[in-house]
Amino acid sequence: MNLFFFIILGSQLPKTLILIGITIWFIQAFCYTYIAFSNPGIPSFNNRFKAHNNEDGLSYKECPFCKLYYTLDSGTNHCRTCDVCIEGIIN
């Protein structure tokens with residue numbers, strides 16, 4: 001939307017102001033795209049095999065809702081709003 005105003009008012013604004021506005025718009029679009037496609041903390045794999053075999057010596061816990069196995073020190077908890085386990089949140 002801001003780019004639309006810069007195009008319409010482009011002839012009346014100084015060129016430096018137009019370049020600053022377009023640069024800010026591209027930075028904003030890049031940041032939005034990066035955040036939209038980044039992982040919010042959902043574990044990428046299930047540790048069921050490691051938990052049953054205990055091959056690495058860590059203690060695992062199973063989420064009663066989504067049946068995901070995670071280590072106790074990972075800070076993983078089930079989010080009731082999203083209905084998935086998320087790493088790094090503390091209740």
# chains A, B, ... in the order shown; residues from 1 in each chain; ligands from 1
>>> select_by_dssp(residues="segment 24-88 of chain A", states="helix (DSSP H, G or I)", output="JSON, numbers by chain")
{"A": [24, 25, 26, 27, 28, 29, 30, 31, 32, 33, 34, 35, 36, 37, 48, 49, 50, 51, 52, 53, 72, 73, 74]}
>>> closest_residue(among="A:Trp25, A:Phe30, A:Ile86, A:Thr71", to="Arg48 of chain A", atoms="only C-alpha atoms")
A:Thr71
>>> closest_residue(among="A:Ile42, A:Tyr32, A:Gly57, A:Ile20", to="Thr76 of chain A", atoms="only C-alpha atoms")
A:Ile42
>>> closest_residue(among="A:Ile35, A:Phe26, A:Asn53, A:Asp83", to="Phe65 of chain A", atoms="only C-alpha atoms")
A:Asp83
>>> closest_residue(among="A:Cys31, A:Leu19, A:Pro43, A:His52", to="Leu68 of chain A", atoms="only C-alpha atoms")
A:Pro43
>>> atom_distance(atom1="atom CA of Pro14 of chain A", atom2="atom CA of Thr33 of chain A")
29.0 Å
>>> atom_distance(atom1="atom CA of Gly41 of chain A", atom2="atom CA of Ala29 of chain A")
22.1 Å
>>> closest_residue(among="A:Leu13, A:Pro40, A:Ile24, A:Ile18", to="Glu87 of chain A", atoms="only C-alpha atoms")
A:Pro40
>>> closest_residue(among="A:Cys85, A:Asn54, A:Gly21, A:Gln12", to="Cys66 of chain A", atoms="only C-alpha atoms")
A:Cys85
